[in-house]
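A quick write-up on the structure given underneath.
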Amino acid sequence: MKILIVEDETKTGDYLRQGLREAGYAVELARDGADGLHLALEGDPDLVILDVMLPGIDGWQVLRGLRREGREMPVLFLSARDAVEDRVKGLELGADDYLVKPFSFSELLARVRTILRRGRGGPEATVLRVADLELDLLRRRVTRAGQRIELTAKEFSLLELLMRRHGEVLPRTLIASQVWDMNFDSDTNVIEVAVRRLRAKVDEGFAPRLIQTVRGMGYVLEAPDPPEPSP
Ligand code: CA
């Protein structure tokens, strides 16, 4: 898998390049928009990580340039600005995801993996729904039965994973690698604690309970089948 980073901040660019290389990706780095657009068109990477504020051609223009040339590779925007309008603009222009600086590398890696796993299957829904639980990827917002639920960044990632793969029992090791970018062979306590906290927010005071523990295996988020209608 080939990733192109377009980032003018030297430290951030170098850090991302090194981290993604260590994670096993082939990485190219462009320091400005013109170079980024050129490398994206020439190299046809599987993913472009694109800083919004770039000297010369900015991130929006790079993305427009790519789409104008019919290049549909996924684009993950990086921005120091946390305005909803910016995210909406990016996603309207055809970005696949949006990450606000400062972010942790593990968070970036989780997004990168999600996007690459999704592949080039075209645009994806920006709201995930299971029963009355909704997770809005665009606005980073979760509601249950219309009630807003405040989550930490990790809880949000954990819930996103559970919702994307709802109905599937996810082993703790998989959750650890996807959400924490770590391998917990022995210590799964971190995950248990996080799931307990998430469950308290998402399930307490609501019915039915959506997050289930499957003893000895892991966790699953699913809506139970509706009860048989009584005759
Ligand atoms: Ca920048």
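Ordering of the structure tokens sets the chain letters (A, B, ...); residue numbers start at 1 within each chain; ligands are numbered from 1 in the order shown.
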
Exercise. Using DSSP on the backbone coordinates, identify all residues within range 21-218 of chain A classified as alpha helix (DSSP H); present the result as a PyMOL selection string.
Key: chain A and resi 21-22+33-43+59-68+84-92+105-118+153-164+172-175+189-202

Can you tell me which residues come within 10 Å of ligand 1 when counting only C-alpha atoms and all ligand atoms, ideally as a short mmCIF file (atom, residue, chain, number, x, y, z; two decimals) with all heavy atoms, in the first residue's frame?
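The result, stored in out_20.cif:
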data_model
loop_
_atom_site.label_atom_id
_atom_site.label_comp_id
_atom_site.auth_asym_id
_atom_site.auth_seq_id
_atom_site.Cartn_x
_atom_site.Cartn_y
_atom_site.Cartn_z
N VAL A 6 1.21 15.01 2.04
CA VAL A 6 1.48 16.37 1.58
C VAL A 6 1.41 17.27 2.81
O VAL A 6 0.33 17.51 3.34
CB VAL A 6 0.48 16.84 0.51
CG1 VAL A 6 0.93 18.16 -0.10
CG2 VAL A 6 0.30 15.78 -0.58
N GLU A 7 2.56 17.70 3.26
CA GLU A 7 2.64 18.43 4.53
C GLU A 7 3.86 19.34 4.50
O GLU A 7 4.97 18.89 4.25
CB GLU A 7 2.75 17.40 5.67
CG GLU A 7 3.14 17.95 7.03
CD GLU A 7 2.11 18.91 7.60
OE1 GLU A 7 1.15 18.46 8.24
OE2 GLU A 7 2.30 20.12 7.39
N ASP A 8 3.64 20.64 4.73
CA ASP A 8 4.76 21.57 4.65
C ASP A 8 5.53 21.71 5.96
O ASP A 8 6.66 22.18 5.96
CB ASP A 8 4.27 22.96 4.19
CG ASP A 8 3.26 23.55 5.15
OD1 ASP A 8 2.29 22.85 5.48
OD2 ASP A 8 3.44 24.70 5.58
N GLU A 9 4.91 21.31 7.07
CA GLU A 9 5.66 21.40 8.33
C GLU A 9 6.65 20.24 8.38
O GLU A 9 6.26 19.08 8.40
CB GLU A 9 4.71 21.30 9.53
CG GLU A 9 3.85 22.54 9.74
CD GLU A 9 2.61 22.21 10.56
OE1 GLU A 9 2.75 21.54 11.59
OE2 GLU A 9 1.52 22.60 10.13
N THR A 10 7.93 20.60 8.39
CA THR A 10 8.99 19.60 8.27
C THR A 10 8.88 18.51 9.34
O THR A 10 8.92 17.32 9.04
CB THR A 10 10.38 20.27 8.39
OG1 THR A 10 10.38 21.38 7.50
CG2 THR A 10 11.49 19.33 8.04
N THR A 12 6.35 17.55 11.31
CA THR A 12 5.16 16.70 11.18
C THR A 12 5.31 15.73 10.01
O THR A 12 5.03 14.55 10.14
CB THR A 12 3.90 17.57 10.98
OG1 THR A 12 3.89 18.59 11.96
CG2 THR A 12 2.64 16.75 11.08
N GLY A 13 5.76 16.27 8.88
CA GLY A 13 5.93 15.43 7.69
C GLY A 13 6.90 14.28 7.93
O GLY A 13 6.60 13.13 7.61
N ARG A 31 6.33 18.48 0.09
CA ARG A 31 6.38 19.61 1.04
C ARG A 31 5.50 20.78 0.64
O ARG A 31 5.40 21.75 1.36
CB ARG A 31 7.82 20.11 1.18
CG ARG A 31 8.83 19.06 1.56
CD ARG A 31 8.76 18.70 3.02
NE ARG A 31 9.87 17.81 3.40
CZ ARG A 31 9.99 17.25 4.59
NH1 ARG A 31 9.10 17.49 5.53
NH2 ARG A 31 11.00 16.44 4.84
N ASP A 32 4.93 20.72 -0.54
CA ASP A 32 3.97 21.78 -0.91
C ASP A 32 2.90 21.21 -1.84
O ASP A 32 2.99 20.06 -2.29
CB ASP A 32 4.68 22.98 -1.53
CG ASP A 32 5.39 22.63 -2.82
OD1 ASP A 32 4.75 22.07 -3.74
OD2 ASP A 32 6.61 22.91 -2.93
N GLY A 33 1.89 22.02 -2.10
CA GLY A 33 0.73 21.55 -2.84
C GLY A 33 1.02 21.16 -4.28
O GLY A 33 0.53 20.15 -4.77
N LEU A 50 -3.45 14.78 3.33
CA LEU A 50 -3.31 16.10 2.77
C LEU A 50 -3.53 17.19 3.82
O LEU A 50 -4.61 17.30 4.39
CB LEU A 50 -4.36 16.22 1.65
CG LEU A 50 -4.38 17.42 0.73
CD1 LEU A 50 -3.03 17.66 0.08
CD2 LEU A 50 -5.44 17.21 -0.35
N ASP A 51 -2.49 17.96 4.06
CA ASP A 51 -2.62 19.11 4.96
C ASP A 51 -3.44 20.18 4.24
O ASP A 51 -3.32 20.35 3.02
CB ASP A 51 -1.21 19.62 5.29
CG ASP A 51 -1.23 20.71 6.36
OD1 ASP A 51 -2.14 20.69 7.20
OD2 ASP A 51 -0.33 21.57 6.33
N VAL A 52 -4.29 20.89 4.97
CA VAL A 52 -5.12 21.92 4.33
C VAL A 52 -4.29 23.17 4.01
O VAL A 52 -4.30 23.68 2.90
CB VAL A 52 -6.33 22.31 5.21
CG1 VAL A 52 -7.07 23.49 4.61
CG2 VAL A 52 -7.29 21.12 5.36
N MET A 53 -3.56 23.66 5.03
CA MET A 53 -2.81 24.91 4.87
C MET A 53 -1.43 24.60 4.29
O MET A 53 -0.54 24.14 5.00
CB MET A 53 -2.65 25.60 6.22
CG MET A 53 -3.98 25.95 6.89
SD MET A 53 -4.99 27.09 5.93
CE MET A 53 -4.12 28.61 6.30
N LEU A 54 -1.29 24.85 3.01
CA LEU A 54 -0.02 24.61 2.32
C LEU A 54 0.38 25.88 1.59
O LEU A 54 -0.50 26.63 1.14
CB LEU A 54 -0.18 23.48 1.30
CG LEU A 54 -0.46 22.08 1.83
CD1 LEU A 54 -0.92 21.18 0.70
CD2 LEU A 54 0.79 21.49 2.48
N PRO A 55 1.68 26.11 1.43
CA PRO A 55 2.08 27.28 0.65
C PRO A 55 1.75 27.07 -0.83
O PRO A 55 1.80 25.95 -1.32
CB PRO A 55 3.60 27.33 0.85
CG PRO A 55 4.00 25.97 1.30
CD PRO A 55 2.80 25.35 1.95
N ASP A 58 -3.23 25.27 -1.99
CA ASP A 58 -3.60 24.70 -0.69
C ASP A 58 -4.25 23.32 -0.86
O ASP A 58 -4.42 22.83 -1.98
CB ASP A 58 -4.47 25.66 0.13
CG ASP A 58 -5.86 25.84 -0.44
OD1 ASP A 58 -6.28 25.04 -1.30
OD2 ASP A 58 -6.55 26.79 -0.02
N GLY A 59 -4.57 22.72 0.29
CA GLY A 59 -5.11 21.36 0.27
C GLY A 59 -6.40 21.21 -0.52
O GLY A 59 -6.59 20.24 -1.24
N LEU A 78 -5.73 16.79 6.89
CA LEU A 78 -5.20 17.20 8.19
C LEU A 78 -5.39 18.70 8.30
O LEU A 78 -5.08 19.43 7.37
CB LEU A 78 -3.70 16.92 8.28
CG LEU A 78 -3.22 15.51 8.05
CD1 LEU A 78 -1.70 15.48 8.20
CD2 LEU A 78 -3.87 14.56 9.02
N SER A 79 -5.92 19.14 9.43
CA SER A 79 -6.08 20.57 9.56
C SER A 79 -5.95 21.01 10.99
O SER A 79 -6.33 20.32 11.91
CB SER A 79 -7.44 20.99 9.03
OG SER A 79 -7.63 22.36 9.31
N ALA A 80 -5.37 22.19 11.15
CA ALA A 80 -5.27 22.78 12.49
C ALA A 80 -6.59 23.41 12.87
O ALA A 80 -6.83 23.70 14.02
CB ALA A 80 -4.16 23.81 12.51
#

Quiz item: Out of A:Asp136, A:Glu28, A:Glu42, A:Glu72, which residue has the shortest atom-to-atom distance to Ile5 in chain A when counting only C-alpha atoms?
Solution: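 Of A:Asp136, A:Glu28, A:Glu42, A:Glu72, the one nearest Ile5 in chain A, counting only C-alpha atoms, is A:Glu28.
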
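Using only C-alpha atoms for every distance, the candidate list A:Lys2, A:Arg172, A:Arg148, A:Arg140 yields A:Arg140 as the residue closest to Glu160 in chain A.
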
Exercise. Apply DSSP to the backbone of this structure and, from range 120-204 of chain A, keep only the residues in strand (DSSP E or B); write these as an NGL selection string.
Key: :A and (127-130 or 133-136 or 141-144 or 147-149 or 170-171)

Practice problem: Go through A:Arg117, A:His38, A:Arg215, A:Arg129 and flag the residue nearest Met1 in chain A, using only C-alpha atoms for the distances. | Solution: A:Arg117

Residues of range 102-198 of chain A that have any atom at most 8 Å from an atom of range 86-97 of chain A: could you tabulate them with the shortest-distance atom pair and the distance in Å to one decimal, using only C-alpha atoms, ordered by chain and increasing number, as JSON lines?
{"residue": "A:Arg111", "atom": "CA", "partner": "A:Asp97", "partner_atom": "CA", "distance": 7.9}
{"residue": "A:Ile115", "atom": "CA", "partner": "A:Asp96", "partner_atom": "CA", "distance": 7.5}
{"residue": "A:Pro123", "atom": "CA", "partner": "A:Asp96", "partner_atom": "CA", "distance": 7.5}
{"residue": "A:Leu138", "atom": "CA", "partner": "A:Arg87", "partner_atom": "CA", "distance": 6.9}
{"residue": "A:Arg139", "atom": "CA", "partner": "A:Arg87", "partner_atom": "CA", "distance": 7.9}

Quiz item: Hey, which of A:Leu37, A:Glu168, A:Phe103, A:Leu198 ends up closest to Arg67 in chain A? Count only C-alpha atoms.
Solution: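 So, comparing all the options, the nearest one is A:Leu37.
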
Practice problem: Choose the residue, out of A:Tyr25, A:Tyr219, A:Tyr98, A:Tyr15, that has the smallest atom-to-atom separation from Ile49 in chain A; count only C-alpha atoms. | Solution: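 Smallest separation from Ile49 in chain A among the options: A:Tyr98.
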
Exercise. Compile the contact shell of range 206-213 of chain A as a PyMOL selection string: residues with an atom at most 6 Å away, counting only C-alpha atoms, same-chain residues fewer than 5 positions apart removed.
Key: chain A and resi 219-223
